[in-house]
2 protein chains.
Amino acid sequence: MKFGGTSVSNIERIRHVADLVEEECLAGNEVVVVVSAMAGDTDRLIRLAHEVSPEPPEREIDMLLSSGERITSALLAMALTTKGRMSRSFSGRQVGIHTDSTHTKARIEHIESGRLLGALSAGVVPVVAGFQGISPSEDVTTLGRGGSDTTAVALAVALSADRCDIYTDVTGVFTADPNMVPRARKLDRISYEEMLEMAALGAKVLHSRSVEFAMRYRMPLRVLSTFSKDPGTLVTEEDKKMEQMVVSGVTLDRNQAQIVVCDVPDRPGLAATLFRELSDNAVIVDMIVQNVGQDHLTDISFTVPRSEARKTIRIAQEVAKRIGAGEVRSREDISKISIVGVGMRSHSGVAARMFETLASEGINILMISTSEIKISCLIDEKYGELAARVVHQSFGLDRAESGDPVRG
Amino acid sequence: MKFGGTSVSNIERIRHVADLVEEECLAGNEVVVVVSAMAGDTDRLIRLAHEVSPEPPEREIDMLLSSGERITSALLAMALTTKGRMSRSFSGRQVGIHTDSTHTKARIEHIESGRLLGALSAGVVPVVAGFQGISPSEDVTTLGRGGSDTTAVALAVALSADRCDIYTDVTGVFTADPNMVPRARKLDRISYEEMLEMAALGAKVLHSRSVEFAMRYRMPLRVLSTFSKDPGTLVTEEDKKMEQMVVSGVTLDRNQAQIVVCDVPDRPGLAATLFRELSDNAVIVDMIVQNVGQDHLTDISFTVPRSEARKTIRIAQEVAKRIGAGEVRSREDISKISIVGVGMRSHSGVAARMFETLASEGINILMISTSEIKISCLIDEKYGELAARVVHQSFGLDRAESGDPVRG
């Protein structure tokens, strides 16, 4: 059972979480709990770090941020103990979460589950501080935002759990963000692959790395709300019913920045130089488009998470200088709208329908990228919500006023 | 260099601390820094713990509280890095502070200084999270309030440092708390033994365990203010000049509770049973008085820190039942006033003068305890400040309006 930041944001909620854990124990389940930091705590710490330093060292960021989850793990273990349930808090290190050395977004390399198994067999409910591990040099690492989901799935896999329940503040996975698309519907089931695309595309309910992990080890994930009795959404293997839907969801990612390296000499290997350099600096590039221009010069456009924009521009400028390219331009007033669905594999004309829908509203498409089960378009930020609503409706995802939802 | 909670209570102060550390580095010193949690943070965490549980498990308290110092260590390492000084934060575990398993007041058993020495020889300024260590079972322990001082002294000893500087919010050690005794004077030097007594007696400037540690290994301590250029007070070995003063300081401890176990059968070993039981439960008993009464029944009175009163009463009641004693009474409206001075060894009549001074103000003495270099009297709490002022004056400690202080 993993509980996110809003689920443990104050003592009353921590007590409520203790009640939910106790229910599972009374139902005869052995439970391991993973917690995030109290909502707002991580942001407060990040603010302090940026107050003290414009570019704080990442090793120190990890030391700083890892404290938030330790606090909630201790408080929840106290709440459980007070209810008469034996419980103990554990840091990432204490439950043997070994990661690589990439501070602020470390990858889990292996888990020594001995201590957790020992606690379980002693009848103790372990409450693990999510989001953190330990590097080969014994430094504290963190797994990046949403890393507590990854902790939960990784521990579920390491312990051969039956299921990993991710408690959050929404009742499950929706066809679109209901704040943006009021007629969005909750899905009862969704495949790992669709969930993966949706997570990667900005659906905030689950972190993509945790879905990847779950998919690789076929660990069923349940996304449900701490504050409701709704059974949530089961993220599991693809089944035939899912294929009947062309599109399962629409996502809008407002966290993108577009970078354009202008006037790149049109010689083989120059683009590779740029993207190798970015990759070596742990910048994850999303969409890439290369426009062939005049005079054997091309423009290379790509997108990165907005938080990486400064760093990316700096690196791109260095590379541009080295390879004789022109200026580096960037813009952040953009959004990426995407549709996702395993049904696309067996339906044609999906991309065309999406482009037509956007065109009919006068929305210009800046970049396009596709995969087997998703289509993404980069558009002007100001059209983001409108685009999400019309695409959602166009693919028959809107909840009917009453009765059954319309399917594509 | 150890910095207390008020010295790192906000980003501006953390930057100022970084300046002080940088000054020492530029003066050619190799520096290890130890930090407390930001002022108020520890209290906030304790409040959360008590909100979640009336008696939170001590192991969880330690997990909870240790996060405060980790936060400041990371922030200060960032501030130093930003100034261009190589720096890294370390938790208690990371610098090899091994303690016993007594959660919330663990004792340091040994220190593996390898990692710190490595950092120093690489030109890195280590910033260590104070107050914490790791138990044999790899659980986080804390060293009790004021434990960051202990961390600092223990590391200074382990690294064979020349000196341990304790930065606080006062300019040094005073003859009495200046808030209580306006005419208190700052001392330039004080012996370990006097400092030890004063710390044990409630002078808040240094934790007694840290002084003990310093005394045992003859590590010179300097107490000085983060916010002034005053050279502070040097705590060091006794010298002849010190002996000329009968009394070096007056302290008032308002954190005492008096427990009375009534009608204890007057048989050998029964008092031992009680104090053994308290000791096994890690309750530190301070003053003890046994009043022989009628009918072979005695009353045993003793004092404990107020925070231990509830626990102590519970234990005392159990023991009382077992040994056939009567009721257990307690009161918390008491204070302990003490005078300390190595000069007492060579002066007589000191105790008499103290009792006379208190009597002259109509202050009743409830209990008395003495050592070679201190005399303590338990009195009604309401007379505490008055007692401190008159005793301070009576032993010639008052700062003259101008010119030299009067000496005893």
# chains A, B, ... in the order shown; residues from 1 in each chain; ligands from 1
>>> closest_atom_pairs(of="chain A", to="chain B", cutoff="7 Å", atoms="only C-alpha atoms", output="CSV")
residue,atom,partner,partner_atom,distance
A:Ile11,CA,B:Val52,CA,6.1
A:Ala49,CA,B:Leu75,CA,6.3
A:Glu51,CA,B:Ile11,CA,6.9
A:Val52,CA,B:Ala79,CA,5.7
A:Ser53,CA,B:Thr82,CA,5.9
A:Pro56,CA,B:Met78,CA,5.6
A:Pro57,CA,B:Met78,CA,6.4
A:Glu60,CA,B:Ala74,CA,5.0
A:Met63,CA,B:Ala74,CA,6.0
A:Leu64,CA,B:Ile71,CA,4.9
A:Ser67,CA,B:Ser67,CA,5.0
A:Arg70,CA,B:Leu64,CA,6.5
A:Ile71,CA,B:Leu64,CA,4.9
A:Ala74,CA,B:Glu60,CA,5.0
A:Leu75,CA,B:Ala49,CA,6.3
A:Met78,CA,B:Pro56,CA,5.6
A:Ala79,CA,B:Val52,CA,5.7
A:Thr82,CA,B:Ser53,CA,5.9
A:Ser89,CA,B:Glu60,CA,6.7
>>> select_by_dssp(residues="stretch 99-282 of chain A", states="alpha helix (DSSP H)", output="JSON, numbers by chain")
{"A": [114, 115, 116, 117, 118, 119, 120, 121, 147, 148, 149, 150, 151, 152, 153, 154, 155, 156, 157, 158, 192, 193, 194, 195, 196, 197, 198, 199, 200, 208, 209, 210, 211, 212, 213, 214, 215, 216, 240, 241, 242, 243, 270, 271, 272, 273, 274, 275, 276, 277, 278, 279, 280]}
>>> atom_distance(atom1="atom CA of B:Gly147", atom2="atom CA of B:Ile97")
12.3 Å
>>> residues_around(residues="B:Leu358", least_positions_apart="6", cutoff="12 Å", atoms="only C-alpha atoms", output="PyMOL selection string")
chain B and resi 337-338+351-352+364-366+376-380+383-394
>>> write_last_selection(atoms="C-alpha atoms", output="PDB file, in the first residue's frame")
ATOM      1  CA  ILE B 337      19.260  26.520  42.704  1.00  0.00           C
ATOM      2  CA  SER B 338      22.948  25.659  42.689  1.00  0.00           C
ATOM      3  CA  ALA B 351      27.239  26.028  52.231  1.00  0.00           C
ATOM      4  CA  ALA B 352      26.439  27.995  55.358  1.00  0.00           C
ATOM      5  CA  ASN B 364      12.500  27.358  52.528  1.00  0.00           C
ATOM      6  CA  ILE B 365      14.895  24.569  51.438  1.00  0.00           C
ATOM      7  CA  LEU B 366      13.153  21.297  50.518  1.00  0.00           C
ATOM      8  CA  SER B 376      22.247  22.543  45.276  1.00  0.00           C
ATOM      9  CA  CYS B 377      19.033  23.407  47.079  1.00  0.00           C
ATOM     10  CA  LEU B 378      15.541  22.451  45.989  1.00  0.00           C
ATOM     11  CA  ILE B 379      13.136  25.327  46.610  1.00  0.00           C
ATOM     12  CA  ASP B 380       9.643  26.491  45.757  1.00  0.00           C
ATOM     13  CA  TYR B 383      11.279  31.886  44.625  1.00  0.00           C
ATOM     14  CA  GLY B 384      13.609  30.662  41.875  1.00  0.00           C
ATOM     15  CA  GLU B 385      14.644  33.947  40.282  1.00  0.00           C
ATOM     16  CA  LEU B 386      14.829  35.813  43.554  1.00  0.00           C
ATOM     17  CA  ALA B 387      17.078  33.066  44.962  1.00  0.00           C
ATOM     18  CA  ALA B 388      19.355  33.192  41.922  1.00  0.00           C
ATOM     19  CA  ARG B 389      19.785  36.970  42.227  1.00  0.00           C
ATOM     20  CA  VAL B 390      20.488  37.069  45.952  1.00  0.00           C
ATOM     21  CA  VAL B 391      22.883  34.124  45.859  1.00  0.00           C
ATOM     22  CA  HIS B 392      24.685  35.622  42.842  1.00  0.00           C
ATOM     23  CA  GLN B 393      25.123  38.845  44.771  1.00  0.00           C
ATOM     24  CA  SER B 394      26.013  37.182  48.031  1.00  0.00           C
TER      25      SER B 394
END
>>> atom_distance(atom1="atom CA of B:Glu194", atom2="atom CA of B:Gly232")
16.3 Å
>>> residues_around(residues="stretch 273-281 of chain A", least_positions_apart="2", cutoff="7 Å", atoms="only C-alpha atoms", output="list of chain:residue names")
A:Gly269, A:Leu270, A:Ala271, A:Val283, A:Ile284, A:Ile315, A:Ala316, A:Val319
>>> select_by_dssp(residues="stretch 134-223 of chain B", states="strand (DSSP E or B)", output="list in words")
Ile134, Val140, Thr141, Thr142, Cys164, Asp165, Ile166, Tyr167, Thr168, Phe174, Lys186, Arg189, Ile190, Ser191, Leu221, Arg222 and Val223 of chain B
>>> residues_around(residues="A:Gln290", least_positions_apart="3", cutoff="12 Å", atoms="only C-alpha atoms", output="MDAnalysis selection string")
chainID A and resid 259:266 270:271 287 293 297:302 367:368
>>> write_last_selection(atoms="N, CA and C atoms", output="PDB file, in the first residue's frame")
ATOM      1  N   ILE A 259      13.153  23.404 -27.713  1.00  0.00           N
ATOM      2  CA  ILE A 259      14.471  23.985 -27.974  1.00  0.00           C
ATOM      3  C   ILE A 259      14.739  23.831 -29.470  1.00  0.00           C
ATOM      4  N   VAL A 260      15.215  24.875 -30.102  1.00  0.00           N
ATOM      5  CA  VAL A 260      15.561  24.789 -31.517  1.00  0.00           C
ATOM      6  C   VAL A 260      17.027  25.191 -31.684  1.00  0.00           C
ATOM      7  N   VAL A 261      17.811  24.279 -32.251  1.00  0.00           N
ATOM      8  CA  VAL A 261      19.190  24.614 -32.605  1.00  0.00           C
ATOM      9  C   VAL A 261      19.178  24.949 -34.097  1.00  0.00           C
ATOM     10  N   CYS A 262      19.454  26.200 -34.413  1.00  0.00           N
ATOM     11  CA  CYS A 262      19.302  26.673 -35.797  1.00  0.00           C
ATOM     12  C   CYS A 262      20.584  26.464 -36.602  1.00  0.00           C
ATOM     13  N   ASP A 263      20.414  26.360 -37.891  1.00  0.00           N
ATOM     14  CA  ASP A 263      21.534  26.363 -38.842  1.00  0.00           C
ATOM     15  C   ASP A 263      22.605  25.332 -38.516  1.00  0.00           C
ATOM     16  N   VAL A 264      22.164  24.090 -38.322  1.00  0.00           N
ATOM     17  CA  VAL A 264      23.127  23.023 -38.081  1.00  0.00           C
ATOM     18  C   VAL A 264      23.644  22.550 -39.441  1.00  0.00           C
ATOM     19  N   PRO A 265      24.966  22.546 -39.664  1.00  0.00           N
ATOM     20  CA  PRO A 265      25.490  22.051 -40.939  1.00  0.00           C
ATOM     21  C   PRO A 265      24.952  20.651 -41.209  1.00  0.00           C
ATOM     22  N   ASP A 266      24.553  20.388 -42.440  1.00  0.00           N
ATOM     23  CA  ASP A 266      23.873  19.140 -42.777  1.00  0.00           C
ATOM     24  C   ASP A 266      24.892  18.027 -43.025  1.00  0.00           C
ATOM     25  N   LEU A 270      26.181  15.078 -36.655  1.00  0.00           N
ATOM     26  CA  LEU A 270      26.123  16.288 -35.824  1.00  0.00           C
ATOM     27  C   LEU A 270      24.954  16.238 -34.847  1.00  0.00           C
ATOM     28  N   ALA A 271      23.801  15.730 -35.315  1.00  0.00           N
ATOM     29  CA  ALA A 271      22.660  15.575 -34.406  1.00  0.00           C
ATOM     30  C   ALA A 271      23.019  14.591 -33.289  1.00  0.00           C
ATOM     31  N   MET A 287      10.221  14.751 -27.913  1.00  0.00           N
ATOM     32  CA  MET A 287       9.976  14.787 -29.356  1.00  0.00           C
ATOM     33  C   MET A 287      11.203  15.365 -30.053  1.00  0.00           C
ATOM     34  N   GLY A 293      16.596  22.734 -44.258  1.00  0.00           N
ATOM     35  CA  GLY A 293      16.440  24.106 -44.745  1.00  0.00           C
ATOM     36  C   GLY A 293      17.282  24.354 -45.981  1.00  0.00           C
ATOM     37  N   LEU A 297      21.887  23.711 -44.450  1.00  0.00           N
ATOM     38  CA  LEU A 297      21.750  23.954 -43.012  1.00  0.00           C
ATOM     39  C   LEU A 297      20.371  23.441 -42.575  1.00  0.00           C
ATOM     40  N   THR A 298      20.313  22.818 -41.410  1.00  0.00           N
ATOM     41  CA  THR A 298      19.023  22.336 -40.919  1.00  0.00           C
ATOM     42  C   THR A 298      18.763  22.915 -39.530  1.00  0.00           C
ATOM     43  N   ASP A 299      17.481  22.950 -39.150  1.00  0.00           N
ATOM     44  CA  ASP A 299      17.123  23.303 -37.774  1.00  0.00           C
ATOM     45  C   ASP A 299      16.748  22.003 -37.048  1.00  0.00           C
ATOM     46  N   ILE A 300      17.282  21.803 -35.875  1.00  0.00           N
ATOM     47  CA  ILE A 300      16.899  20.641 -35.074  1.00  0.00           C
ATOM     48  C   ILE A 300      16.026  21.135 -33.911  1.00  0.00           C
ATOM     49  N   SER A 301      14.769  20.678 -33.869  1.00  0.00           N
ATOM     50  CA  SER A 301      13.867  21.045 -32.774  1.00  0.00           C
ATOM     51  C   SER A 301      13.650  19.822 -31.889  1.00  0.00           C
ATOM     52  N   PHE A 302      13.572  20.064 -30.614  1.00  0.00           N
ATOM     53  CA  PHE A 302      13.239  18.953 -29.713  1.00  0.00           C
ATOM     54  C   PHE A 302      12.614  19.515 -28.446  1.00  0.00           C
ATOM     55  N   MET A 367       4.694  20.186 -33.744  1.00  0.00           N
ATOM     56  CA  MET A 367       5.486  18.968 -33.906  1.00  0.00           C
ATOM     57  C   MET A 367       4.545  17.791 -33.711  1.00  0.00           C
ATOM     58  N   ILE A 368       4.914  16.658 -34.301  1.00  0.00           N
ATOM     59  CA  ILE A 368       4.102  15.449 -34.151  1.00  0.00           C
ATOM     60  C   ILE A 368       5.026  14.309 -33.765  1.00  0.00           C
TER      61      ILE A 368
END
